[in-house]
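Containing JSON, C-alpha atoms: model-v7.json.
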```json
[["chain", "number", "residue", "atom", "x", "y", "z"],
["O", 1, "MET", "CA", -2.07, -80.07, 22.01],
["O", 2, "GLY", "CA", -1.15, -81.91, 18.79],
["O", 3, "LEU", "CA", 2.35, -82.63, 17.48],
["O", 4, "LEU", "CA", 2.50, -79.67, 15.12],
["O", 5, "ASP", "CA", 1.06, -77.31, 17.74],
["O", 6, "SER", "CA", 3.69, -78.42, 20.25],
["O", 7, "PHE", "CA", 6.40, -77.69, 17.67],
["O", 8, "ARG", "CA", 4.99, -74.22, 16.98],
["O", 9, "SER", "CA", 5.02, -73.39, 20.68],
["O", 10, "MET", "CA", 8.81, -73.80, 20.78],
["O", 11, "PHE", "CA", 10.16, -70.40, 19.71],
["O", 12, "SER", "CA", 13.51, -68.77, 20.41],
["O", 13, "GLY", "CA", 12.95, -65.03, 20.61],
["O", 14, "GLY", "CA", 15.39, -62.31, 19.51],
["O", 15, "LYS", "CA", 18.08, -62.47, 16.85],
["O", 16, "LEU", "CA", 21.56, -63.85, 17.28],
["O", 17, "ASP", "CA", 24.66, -61.79, 16.56],
["O", 18, "VAL", "CA", 26.94, -64.71, 15.75],
["O", 19, "SER", "CA", 30.27, -62.88, 16.05],
["O", 20, "ARG", "CA", 29.38, -61.31, 19.41],
["O", 21, "ARG", "CA", 28.05, -64.51, 20.95],
["O", 22, "PHE", "CA", 30.47, -67.07, 19.54],
["O", 23, "ALA", "CA", 34.18, -67.43, 18.82],
["O", 24, "LEU", "CA", 34.35, -69.74, 15.82],
["O", 25, "GLN", "CA", 36.98, -72.39, 16.55],
["O", 26, "ARG", "CA", 37.05, -74.25, 13.28],
["O", 27, "LYS", "CA", 36.50, -73.45, 9.61],
["O", 28, "ALA", "CA", 32.97, -74.10, 8.43],
["O", 29, "ILE", "CA", 32.03, -77.53, 7.12],
["O", 30, "SER", "CA", 29.68, -76.94, 4.20],
["O", 31, "GLY", "CA", 26.71, -79.25, 3.90],
["O", 32, "THR", "CA", 23.97, -79.45, 1.30],
["O", 33, "MET", "CA", 21.82, -76.80, 2.96],
["O", 34, "SER", "CA", 23.98, -75.32, 5.73],
["O", 35, "LYS", "CA", 27.38, -74.53, 7.22],
["O", 36, "PHE", "CA", 28.53, -76.07, 10.48],
["O", 37, "TYR", "CA", 31.05, -74.60, 12.91],
["O", 38, "MET", "CA", 32.73, -75.71, 16.11],
["O", 39, "ALA", "CA", 32.23, -72.63, 18.28],
["O", 40, "LYS", "CA", 32.98, -71.35, 21.77],
["O", 41, "ASP", "CA", 30.07, -69.66, 23.52],
["O", 42, "ARG", "CA", 31.48, -66.45, 24.97],
["O", 43, "ARG", "CA", 28.86, -66.48, 27.74],
["O", 44, "ASP", "CA", 30.08, -69.61, 29.51],
["O", 45, "GLY", "CA", 33.04, -70.93, 27.53],
["O", 46, "ARG", "CA", 31.16, -74.02, 26.41],
["O", 47, "ILE", "CA", 32.15, -75.62, 23.08],
["O", 48, "VAL", "CA", 29.10, -76.17, 20.90],
["O", 49, "GLY", "CA", 28.14, -76.98, 17.35],
["O", 50, "LEU", "CA", 26.71, -74.00, 15.44],
["O", 51, "LYS", "CA", 24.70, -74.69, 12.30],
["O", 52, "ILE", "CA", 23.82, -71.80, 9.99],
["O", 53, "LEU", "CA", 21.21, -72.71, 7.38],
["O", 54, "ASP", "CA", 21.44, -71.49, 3.80],
["O", 55, "SER", "CA", 18.43, -69.16, 3.47],
["O", 56, "GLU", "CA", 17.84, -69.75, -0.25],
["O", 57, "LYS", "CA", 18.08, -73.53, -0.11],
["O", 58, "THR", "CA", 16.03, -73.78, 3.09],
["O", 59, "THR", "CA", 13.28, -71.59, 1.62],
["O", 60, "ALA", "CA", 13.22, -73.72, -1.55],
["O", 61, "PHE", "CA", 12.85, -76.89, 0.50],
["O", 62, "GLU", "CA", 10.18, -75.47, 2.82],
["O", 63, "SER", "CA", 8.19, -74.24, -0.20],
["O", 64, "ARG", "CA", 7.39, -77.87, -1.00],
["O", 65, "PHE", "CA", 5.11, -77.82, 2.04],
["O", 66, "LYS", "CA", 3.39, -74.51, 1.41],
["O", 67, "GLY", "CA", 0.27, -74.12, 3.52],
["O", 68, "LEU", "CA", 1.12, -77.07, 5.79],
["O", 69, "ARG", "CA", 2.94, -75.06, 8.48],
["O", 70, "LYS", "CA", 5.78, -77.55, 8.61],
["O", 71, "PRO", "CA", 7.92, -77.30, 11.79],
["O", 72, "SER", "CA", 11.40, -75.96, 11.15],
["O", 73, "GLU", "CA", 14.56, -78.03, 11.54],
["O", 74, "GLY", "CA", 15.30, -76.21, 14.79],
["O", 75, "GLN", "CA", 11.85, -76.92, 16.22],
["O", 76, "ILE", "CA", 12.12, -80.59, 15.26],
["O", 77, "ALA", "CA", 15.62, -80.96, 16.73],
["O", 78, "MET", "CA", 14.59, -79.25, 19.98],
["O", 79, "ALA", "CA", 11.73, -81.73, 20.38],
["O", 80, "LEU", "CA", 14.02, -84.77, 20.25],
["O", 81, "ARG", "CA", 15.69, -85.88, 23.48],
["O", 82, "HIS", "CA", 17.46, -89.23, 23.39],
["O", 83, "PRO", "CA", 20.96, -90.48, 24.30],
["O", 84, "ARG", "CA", 21.57, -91.56, 20.69],
["O", 85, "ILE", "CA", 20.53, -88.20, 19.19],
["O", 86, "VAL", "CA", 22.71, -85.08, 19.28],
["O", 87, "GLU", "CA", 21.17, -82.66, 21.77],
["O", 88, "THR", "CA", 19.94, -79.29, 20.48],
["O", 89, "TYR", "CA", 20.15, -76.33, 22.89],
["O", 90, "GLU", "CA", 18.47, -73.49, 21.00],
["O", 91, "HIS", "CA", 17.44, -72.21, 17.59],
["O", 92, "GLY", "CA", 16.30, -68.99, 16.00],
["O", 93, "ARG", "CA", 17.39, -66.33, 13.51],
["O", 94, "THR", "CA", 20.64, -64.43, 13.23],
["O", 95, "THR", "CA", 20.93, -60.69, 12.75],
["O", 96, "LYS", "CA", 21.51, -61.54, 9.06],
["O", 97, "ASP", "CA", 18.08, -63.24, 9.07],
["O", 98, "GLU", "CA", 19.57, -66.72, 8.69],
["O", 99, "LEU", "CA", 18.18, -69.65, 10.65],
["O", 100, "TYR", "CA", 20.63, -71.06, 13.19],
["O", 101, "ILE", "CA", 20.78, -74.06, 15.51],
["O", 102, "VAL", "CA", 23.06, -74.44, 18.55],
["O", 103, "MET", "CA", 23.75, -78.03, 19.52],
["O", 104, "GLU", "CA", 25.98, -80.42, 21.39],
["O", 105, "PHE", "CA", 29.42, -80.65, 19.77],
["O", 106, "VAL", "CA", 30.49, -84.23, 19.15],
["O", 107, "ALA", "CA", 34.21, -84.80, 18.68],
["O", 108, "GLY", "CA", 34.70, -87.81, 16.47],
["O", 109, "PRO", "CA", 34.27, -88.90, 12.86],
["O", 110, "ASP", "CA", 31.03, -89.52, 11.04],
["O", 111, "LEU", "CA", 30.25, -93.15, 10.35],
["O", 112, "ASN", "CA", 30.85, -92.75, 6.63],
["O", 113, "SER", "CA", 34.46, -91.66, 7.24],
["O", 114, "ALA", "CA", 34.93, -94.47, 9.76],
["O", 115, "ILE", "CA", 33.68, -97.09, 7.28],
["O", 116, "ILE", "CA", 35.95, -95.80, 4.51],
["O", 117, "ALA", "CA", 38.97, -95.78, 6.85],
["O", 118, "ASP", "CA", 38.05, -99.14, 8.41],
["O", 119, "ASP", "CA", 38.38, -97.32, 11.73],
["O", 120, "PRO", "CA", 39.57, -99.57, 14.61],
["O", 121, "ALA", "CA", 36.67, -98.14, 16.65],
["O", 122, "LEU", "CA", 34.34, -100.31, 14.54],
["O", 123, "GLN", "CA", 36.11, -103.57, 15.22],
["O", 124, "GLY", "CA", 33.96, -105.96, 17.23],
["O", 125, "ARG", "CA", 31.36, -103.24, 17.79],
["O", 126, "ARG", "CA", 29.33, -103.26, 14.59],
["O", 127, "LEU", "CA", 26.35, -105.06, 16.11],
["O", 128, "VAL", "CA", 26.39, -102.64, 19.08],
["O", 129, "LEU", "CA", 26.42, -99.70, 16.66],
["O", 130, "ILE", "CA", 23.60, -101.16, 14.58],
["O", 131, "ARG", "CA", 21.47, -101.41, 17.73],
["O", 132, "GLN", "CA", 22.36, -97.84, 18.69],
["O", 133, "MET", "CA", 21.47, -96.56, 15.22],
["O", 134, "ALA", "CA", 18.18, -98.44, 15.42],
["O", 135, "ASP", "CA", 17.45, -96.91, 18.83],
["O", 136, "ALA", "CA", 18.05, -93.42, 17.42],
["O", 137, "VAL", "CA", 15.78, -93.93, 14.42],
["O", 138, "ALA", "CA", 13.15, -95.55, 16.63],
["O", 139, "ALA", "CA", 13.17, -92.43, 18.84],
["O", 140, "VAL", "CA", 12.59, -90.22, 15.79],
["O", 141, "HIS", "CA", 9.67, -92.42, 14.77],
["O", 142, "ALA", "CA", 8.23, -92.48, 18.28],
["O", 143, "ALA", "CA", 8.16, -88.67, 18.13],
["O", 144, "GLY", "CA", 5.91, -88.92, 15.07],
["O", 145, "LEU", "CA", 8.57, -88.01, 12.51],
["O", 146, "ILE", "CA", 10.34, -89.37, 9.42],
["O", 147, "HIS", "CA", 14.06, -88.53, 9.33],
["O", 148, "ARG", "CA", 14.27, -88.85, 5.51],
["O", 149, "ASP", "CA", 18.09, -88.87, 5.39],
["O", 150, "VAL", "CA", 19.31, -91.86, 7.38],
["O", 151, "CYS", "CA", 22.82, -92.64, 6.07],
["O", 152, "PRO", "CA", 26.33, -93.11, 7.50],
["O", 153, "ARG", "CA", 27.33, -89.44, 7.26],
["O", 154, "ASN", "CA", 24.43, -88.54, 9.56],
["O", 155, "PHE", "CA", 25.70, -90.72, 12.40],
["O", 156, "LEU", "CA", 28.64, -89.50, 14.49],
["O", 157, "LEU", "CA", 30.99, -91.67, 16.54],
["O", 158, "VAL", "CA", 31.56, -90.09, 19.94],
["O", 159, "GLU", "CA", 35.26, -89.72, 20.66],
["O", 160, "GLY", "CA", 36.31, -91.95, 23.54],
["O", 161, "SER", "CA", 33.21, -94.11, 23.89],
["O", 162, "GLY", "CA", 32.77, -94.83, 20.17],
["O", 163, "ASP", "CA", 29.00, -94.66, 20.62],
["O", 164, "ILE", "CA", 26.64, -93.41, 17.91],
["O", 165, "LYS", "CA", 24.70, -90.13, 17.73],
["O", 166, "LEU", "CA", 22.18, -89.28, 14.99],
["O", 167, "ILE", "CA", 22.31, -85.79, 13.47],
["O", 168, "ASP", "CA", 20.77, -83.56, 10.78],
["O", 169, "PHE", "CA", 17.02, -83.04, 10.69],
["O", 170, "GLY", "CA", 17.06, -80.74, 7.69],
["O", 171, "LEU", "CA", 14.87, -83.07, 5.62],
["O", 172, "THR", "CA", 12.79, -84.40, 8.51],
["O", 173, "VAL", "CA", 9.00, -84.17, 8.27],
["O", 174, "PRO", "CA", 6.07, -85.20, 10.47],
["O", 175, "ALA", "CA", 4.74, -88.69, 9.81],
["O", 176, "ALA", "CA", 1.37, -87.19, 8.88],
["O", 177, "GLU", "CA", -0.59, -87.67, 5.65],
["O", 178, "PRO", "CA", 0.04, -84.21, 4.11],
["O", 179, "PHE", "CA", 3.81, -84.73, 4.41],
["O", 180, "MET", "CA", 3.80, -88.28, 3.03],
["O", 181, "ARG", "CA", 2.12, -87.54, -0.29],
["O", 182, "PRO", "CA", 3.97, -88.47, -3.51],
["O", 183, "GLY", "CA", 6.49, -86.01, -4.92],
["O", 184, "ASN", "CA", 9.01, -85.30, -2.16],
["O", 185, "ARG", "CA", 12.18, -86.86, -3.61],
["O", 186, "THR", "CA", 14.62, -85.60, -0.98],
["O", 187, "GLY", "CA", 17.28, -87.83, 0.55],
["O", 188, "THR", "CA", 20.67, -89.34, -0.25],
["O", 189, "PRO", "CA", 20.36, -91.43, -3.45],
["O", 190, "ASN", "CA", 22.41, -94.47, -2.39],
["O", 191, "TYR", "CA", 20.15, -94.93, 0.67],
["O", 192, "MET", "CA", 16.85, -93.90, -0.91],
["O", 193, "ALA", "CA", 13.83, -96.22, -0.86],
["O", 194, "PRO", "CA", 12.28, -97.00, -4.26],
["O", 195, "GLU", "CA", 8.98, -95.34, -3.37],
["O", 196, "ILE", "CA", 10.75, -92.00, -2.99],
["O", 197, "VAL", "CA", 12.40, -91.99, -6.40],
["O", 198, "ARG", "CA", 9.21, -93.38, -7.99],
["O", 199, "ARG", "CA", 7.25, -90.46, -6.46],
["O", 200, "GLN", "CA", 4.92, -92.75, -4.55],
["O", 201, "LYS", "CA", 3.34, -92.30, -1.12],
["O", 202, "THR", "CA", 5.88, -92.59, 1.70],
["O", 203, "ASP", "CA", 5.92, -93.32, 5.44],
["O", 204, "GLN", "CA", 8.43, -94.25, 8.14],
["O", 205, "ARG", "CA", 9.42, -97.34, 6.18],
["O", 206, "VAL", "CA", 11.66, -95.14, 3.99],
["O", 207, "ASP", "CA", 13.85, -94.75, 7.09],
["O", 208, "VAL", "CA", 13.73, -98.53, 7.66],
["O", 209, "PHE", "CA", 15.06, -99.01, 4.13],
["O", 210, "ALA", "CA", 17.83, -96.41, 4.53],
["O", 211, "PHE", "CA", 18.74, -97.91, 7.91],
["O", 212, "GLY", "CA", 19.04, -101.33, 6.25],
["O", 213, "VAL", "CA", 21.41, -99.94, 3.60],
["O", 214, "THR", "CA", 23.47, -98.20, 6.31],
["O", 215, "SER", "CA", 23.73, -101.39, 8.38],
["O", 216, "TYR", "CA", 24.68, -103.42, 5.31],
["O", 217, "GLU", "CA", 27.47, -100.95, 4.50],
["O", 218, "LEU", "CA", 28.70, -100.86, 8.10],
["O", 219, "LEU", "CA", 29.06, -104.65, 8.09],
["O", 220, "THR", "CA", 30.61, -105.01, 4.64],
["O", 221, "GLY", "CA", 32.04, -101.70, 3.46],
["O", 222, "GLU", "CA", 29.88, -102.17, 0.36],
["O", 223, "LEU", "CA", 26.40, -101.08, -0.76],
["O", 224, "PRO", "CA", 23.64, -103.57, -1.68],
["O", 225, "TRP", "CA", 23.43, -102.01, -5.17],
["O", 226, "PRO", "CA", 25.84, -100.19, -7.51],
["O", 227, "ARG", "CA", 27.01, -96.90, -6.00],
["O", 228, "GLY", "CA", 26.07, -93.65, -7.75],
["O", 229, "ALA", "CA", 26.24, -89.89, -7.20],
["O", 230, "THR", "CA", 22.82, -88.83, -8.49],
["O", 231, "GLY", "CA", 19.19, -89.78, -8.07],
["O", 232, "LEU", "CA", 19.65, -92.36, -10.82],
["O", 233, "ALA", "CA", 21.48, -94.54, -8.27],
["O", 234, "ALA", "CA", 18.19, -95.11, -6.46],
["O", 235, "MET", "CA", 16.56, -96.45, -9.63],
["O", 236, "SER", "CA", 18.40, -99.77, -9.11],
["O", 237, "HIS", "CA", 16.84, -100.24, -5.68],
["O", 238, "ASP", "CA", 13.79, -101.88, -7.25],
["O", 239, "ARG", "CA", 15.75, -105.10, -7.72],
["O", 240, "PRO", "CA", 16.81, -107.49, -4.92],
["O", 241, "ALA", "CA", 19.84, -106.44, -2.89],
["O", 242, "ASP", "CA", 23.11, -108.31, -3.33],
["O", 243, "ASP", "CA", 23.30, -111.10, -0.76],
["O", 244, "ILE", "CA", 25.19, -109.65, 2.21],
["O", 245, "ARG", "CA", 26.89, -113.03, 2.71],
["O", 246, "LYS", "CA", 28.79, -112.44, -0.54],
["O", 247, "HIS", "CA", 30.70, -109.68, 1.25],
["O", 248, "ARG", "CA", 30.61, -111.10, 4.79],
["O", 249, "PRO", "CA", 30.27, -114.89, 4.66],
["O", 250, "THR", "CA", 30.52, -115.24, 8.44],
["O", 251, "ILE", "CA", 27.58, -112.95, 9.28],
["O", 252, "HIS", "CA", 25.05, -114.27, 11.77],
["O", 253, "PRO", "CA", 22.15, -115.71, 9.70],
["O", 254, "ALA", "CA", 19.48, -113.93, 11.77],
["O", 255, "LEU", "CA", 21.24, -110.58, 11.35],
["O", 256, "ALA", "CA", 21.55, -111.11, 7.59],
["O", 257, "LYS", "CA", 17.86, -111.99, 7.37],
["O", 258, "ALA", "CA", 16.81, -108.94, 9.44],
["O", 259, "ILE", "CA", 18.87, -106.55, 7.30],
["O", 260, "HIS", "CA", 17.57, -107.98, 4.04],
["O", 261, "ALA", "CA", 14.02, -107.61, 5.36],
["O", 262, "CYS", "CA", 14.70, -103.87, 5.62],
["O", 263, "LEU", "CA", 15.91, -103.76, 2.01],
["O", 264, "LEU", "CA", 12.84, -105.21, 0.31],
["O", 265, "PRO", "CA", 11.72, -102.86, -2.49],
["O", 266, "GLU", "CA", 8.00, -103.19, -1.79],
["O", 267, "PRO", "CA", 7.02, -101.29, 1.40],
["O", 268, "ALA", "CA", 4.25, -103.81, 2.14],
["O", 269, "ARG", "CA", 6.80, -106.65, 2.32],
["O", 270, "ARG", "CA", 9.57, -104.66, 4.01],
["O", 271, "CYS", "CA", 10.32, -104.89, 7.74],
["O", 272, "PRO", "CA", 7.42, -102.80, 9.07],
["O", 273, "SER", "CA", 9.31, -100.83, 11.71],
["O", 274, "ILE", "CA", 12.64, -100.33, 13.43],
["O", 275, "GLN", "CA", 11.13, -101.91, 16.54],
["O", 276, "HIS", "CA", 10.43, -105.07, 14.55],
["O", 277, "PHE", "CA", 14.07, -105.09, 13.43],
["O", 278, "LEU", "CA", 15.29, -104.73, 17.03],
["O", 279, "LYS", "CA", 13.11, -107.65, 18.11],
["O", 280, "ALA", "CA", 14.45, -109.77, 15.25],
["O", 281, "ILE", "CA", 18.06, -109.30, 16.41],
["O", 282, "ALA", "CA", 17.39, -109.22, 20.16],
["O", 283, "LYS", "CA", 19.04, -112.59, 20.88],
["O", 284, "ILE", "CA", 22.08, -112.09, 18.66],
["O", 285, "GLU", "CA", 25.29, -111.61, 20.66],
["O", 286, "HIS", "CA", 27.78, -110.94, 17.84],
["O", 287, "GLU", "CA", 27.55, -109.92, 14.19],
["O", 288, "ASP", "CA", 29.24, -113.14, 13.08],
["O", 289, "ALA", "CA", 27.95, -116.66, 13.60]]
```
For the structure just supplied, provide its representation as structure tokens.
Amino acid sequence: MGLLDSFRSMFSGGKLDVSRRFALQRKAISGTMSKFYMAKDRRDGRIVGLKILDSEKTTAFESRFKGLRKPSEGQIAMALRHPRIVETYEHGRTTKDELYIVMEFVAGPDLNSAIIADDPALQGRRLVLIRQMADAVAAVHAAGLIHRDVCPRNFLLVEGSGDIKLIDFGLTVPAAEPFMRPGNRTGTPNYMAPEIVRRQKTDQRVDVFAFGVTSYELLTGELPWPRGATGLAAMSHDRPADDIRKHRPTIHPALAKAIHACLLPEPARRCPSIQHFLKAIAKIEHEDA
């Protein structure tokens, strides 16, 4: 059974009556294509995360892959099992014909908020978190997928342990030729690889690039290029990244080199995989020299 066939075999039957099954504990957090709730499952009292996808926006995104039988976000999330990835319990359709996903609820801030606040949970742990982020992305790649939206807001810090969990597979696609053709310009602009915005062929190296930007920002609080709010921000990613040592002079030289290898504009010259990045930093004990 191939990857896509295994995804298609994962189906949650029946339709969910949200109000009967769940007591919503917290006001919805609105994302680009969904709403997210902290919810209590009335069946067993468990606190979970409940994601309700916007039907119109989801349909518009899925239409880009017409005829390819792309696995849904719920099918993709259910197929991923890794300590550094938020666990998904079930998925299906609601009685209002909206797609839903029930997942592990993680109490704690997203990495973007933690970076902005200079959260104490980051102090002395940035190298640990970079390795954990890399492990999460590597697991996505090992499953034959491209996340397509690696960025700080899609990593959560687990309350208590401060460990990282990767979330949000709304833009994720199989790492298969039909899904890597030019034209799919989805992603978060400040973390977007040049080949995406230039409408060129893509592969898992777009995640390597976005991971490099995320790691750079975690270490410095800054981006390697001017920050922007639209797709135009990604147009500057064709030029060399600002030297990370300008923002963090004490960074370990091998870590700086490994991150900059992820940020190279040309995919052929870029760090070829997350596993290569992990090998490059394997002997580093602290983010600073």
Spatial neighbours of Asp207 (chain O), max dist 8 Å, all atoms listed in the file, sep filter under 3 positions, as a PyMOL selection string: chain O and resi 137+146-150+204+210-211
Under the rule of at most 12 Å, produce a per-residue listing of region 73-176 of chain O near region 35-51 of chain O: chain, number, name, the closest pair of atoms, and the distance in Å, as a Markdown table, using all atoms listed in the file.
```
| residue | atom | partner | partner_atom | distance |
| --- | --- | --- | --- | --- |
| O:Glu73 | CA | O:Lys51 | CA | 10.7 |
| O:Gly74 | CA | O:Lys51 | CA | 9.8 |
| O:Ala77 | CA | O:Lys51 | CA | 11.9 |
| O:Val86 | CA | O:Gly49 | CA | 9.9 |
| O:Glu87 | CA | O:Gly49 | CA | 10.0 |
| O:Thr88 | CA | O:Gly49 | CA | 9.1 |
| O:Tyr89 | CA | O:Val48 | CA | 9.2 |
| O:Glu90 | CA | O:Leu50 | CA | 10.0 |
| O:His91 | CA | O:Lys51 | CA | 9.3 |
| O:Gly92 | CA | O:Lys51 | CA | 10.8 |
| O:Arg93 | CA | O:Lys51 | CA | 11.2 |
| O:Thr94 | CA | O:Lys51 | CA | 11.1 |
| O:Glu98 | CA | O:Lys51 | CA | 10.1 |
| O:Leu99 | CA | O:Lys51 | CA | 8.4 |
| O:Tyr100 | CA | O:Lys51 | CA | 5.5 |
| O:Ile101 | CA | O:Lys51 | CA | 5.1 |
| O:Val102 | CA | O:Leu50 | CA | 4.8 |
| O:Met103 | CA | O:Gly49 | CA | 5.0 |
| O:Glu104 | CA | O:Val48 | CA | 5.3 |
| O:Phe105 | CA | O:Gly49 | CA | 4.6 |
| O:Val106 | CA | O:Gly49 | CA | 7.8 |
| O:Ala107 | CA | O:Met38 | CA | 9.6 |
| O:Ile167 | CA | O:Gly49 | CA | 11.3 |
| O:Asp168 | CA | O:Lys51 | CA | 9.8 |
| O:Phe169 | CA | O:Lys51 | CA | 11.5 |
| O:Gly170 | CA | O:Lys51 | CA | 10.8 |
```
Sort by chain and increasing residue number a table of all residues of region 84-198 of chain O within 12 Å of region 260-264 of chain O, each with its closest pair of atoms and their distance in Å to one decimal, counting only C-alpha atoms, and write it as a tab-separated table.
```
residue	atom	partner	partner_atom	distance
O:Ala134	CA	O:Cys262	CA	11.7
O:Tyr191	CA	O:Leu263	CA	9.9
O:Met192	CA	O:Leu263	CA	10.3
O:Ala193	CA	O:Leu263	CA	8.3
O:Pro194	CA	O:Leu264	CA	9.4
O:Glu195	CA	O:Leu264	CA	11.2
```
For the residues in the current selection, export C-alpha atoms as a CSV table (one decimal), keeping the file's coordinate frame.
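Writing the result to again38.csv gives the following:
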```csv
chain,number,residue,atom,x,y,z
O,134,ALA,CA,18.2,-98.4,15.4
O,191,TYR,CA,20.2,-94.9,0.7
O,192,MET,CA,16.8,-93.9,-0.9
O,193,ALA,CA,13.8,-96.2,-0.9
O,194,PRO,CA,12.3,-97.0,-4.3
O,195,GLU,CA,9.0,-95.3,-3.4
```
Point-to-point distance in Å for CA of Glu266 (chain O) and CA of Pro240 (chain O): 10.3 Å
Option closest in space to Ile115 (chain O), from O:Pro249, O:Gly14, O:Pro272, O:Gly221 [counting all atoms listed in the file]: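 Ranking O:Pro249, O:Gly14, O:Pro272, O:Gly221 by distance to Ile115 (chain O), first place goes to O:Gly221.
Each of O:Arg64, O:Lys165, O:His141, O:His286 was compared to Pro109 (chain O) using all atoms listed in the file, and O:Lys165 turns out to be the nearest.
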Contacts of Arg227 (chain O) at 10 Å (only C-alpha atoms; same-chain gap of 3+ positions) as number ranges by chain: O: 189-191, 222-224, 230, 232-234, 236
Determine, counting only C-alpha atoms, every residue of protein, DNA or RNA that lies within 9 Å of (5.0, -92.5, 2.8) in the file coordinates, then give the result as a compact mmCIF listing (two decimals) with C-alpha atoms, keeping the file's coordinate frame.
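The resulting file, out_34.txt, is shown below:
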```txt
# COMPACT_ATOMS: atom_id res chain seq x y z
CA ALA O 175 4.74 -88.69 9.81
CA ALA O 176 1.37 -87.19 8.88
CA GLU O 177 -0.59 -87.67 5.65
CA PHE O 179 3.81 -84.73 4.41
CA MET O 180 3.80 -88.28 3.03
CA ARG O 181 2.12 -87.54 -0.29
CA PRO O 182 3.97 -88.47 -3.51
CA GLU O 195 8.98 -95.34 -3.37
CA ILE O 196 10.75 -92.00 -2.99
CA GLN O 200 4.92 -92.75 -4.55
CA LYS O 201 3.34 -92.30 -1.12
CA THR O 202 5.88 -92.59 1.70
CA ASP O 203 5.92 -93.32 5.44
CA GLN O 204 8.43 -94.25 8.14
CA ARG O 205 9.42 -97.34 6.18
CA VAL O 206 11.66 -95.14 3.99
```
Minimum-distance residue to Leu122 (chain O), chosen among O:Gly144, O:Pro83, O:Gly67, O:Gly162 (using all atoms listed in the file):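 Counting all atoms listed in the file, the residue closest to Leu122 (chain O) is O:Gly162.
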Separation of CA of Ile284 (chain O) from CA of Leu166 (chain O), in Å and rounded to one decimal: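 Between CA of Ile284 (chain O) and CA of Leu166 (chain O) the gap is 23.1 Å.
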Residue neighbourhood Thr220 (chain O), 8 Å, all atoms listed in the file, exclusion window fewer than 5 positions, as a PyMOL selection string: chain O and resi 244+247-248
Atomic separation - CA of Val18 (chain O) relative to CA of Lys96 (chain O), Å: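 So the answer is 9.2 Å.
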Would you mind listing what lies within 9 Å of region 279-281 of chain O as a compact mmCIF listing (two decimals) with C-alpha atoms, keeping the file's coordinate frame, with all atoms listed in the file counted and same-chain residues fewer than 3 positions away left out?
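Contents of the output file result27.txt:
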```txt
# COMPACT_ATOMS: atom_id res chain seq x y z
CA ARG O 131 21.47 -101.41 17.73
CA ALA O 254 19.48 -113.93 11.77
CA LEU O 255 21.24 -110.58 11.35
CA LYS O 257 17.86 -111.99 7.37
CA ALA O 258 16.81 -108.94 9.44
CA ILE O 274 12.64 -100.33 13.43
CA GLN O 275 11.13 -101.91 16.54
CA HIS O 276 10.43 -105.07 14.55
CA ILE O 284 22.08 -112.09 18.66
CA GLU O 285 25.29 -111.61 20.66
```
Close residues, Arg84 (chain O) itself excluded, 8 Å, all atoms listed in the file, min 5 positions apart in chain, as a ChimeraX atom specification: /O:132-133,135-136,164-166
Limited to C-alpha atoms, could you put the picked residues into a file as a CSV table (one decimal), in the coordinates of the input?
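Below is the file that was written, again20.csv:
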```csv
chain,number,residue,atom,x,y,z
O,132,GLN,CA,22.4,-97.8,18.7
O,133,MET,CA,21.5,-96.6,15.2
O,135,ASP,CA,17.4,-96.9,18.8
O,136,ALA,CA,18.0,-93.4,17.4
O,164,ILE,CA,26.6,-93.4,17.9
O,165,LYS,CA,24.7,-90.1,17.7
O,166,LEU,CA,22.2,-89.3,15.0
```
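In this comparison, which uses all atoms listed in the file, the residue of O:Met235, O:Leu129, O:Ile29, O:Ala60 approaching Val197 (chain O) most closely is O:Met235.
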Best match for closeness to Leu80 (chain O) among O:Pro267, O:Leu145, O:Arg199, O:Glu62, counting all atoms listed in the file: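 Between O:Pro267, O:Leu145, O:Arg199, O:Glu62, the residue approaching Leu80 (chain O) most closely is O:Leu145.
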Top pick for closest residue to Ile76 (chain O), considering O:Thr95, O:Thr172, O:Ser34, O:Gln123 and counting only C-alpha atoms: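 Closest candidate: O:Thr172.
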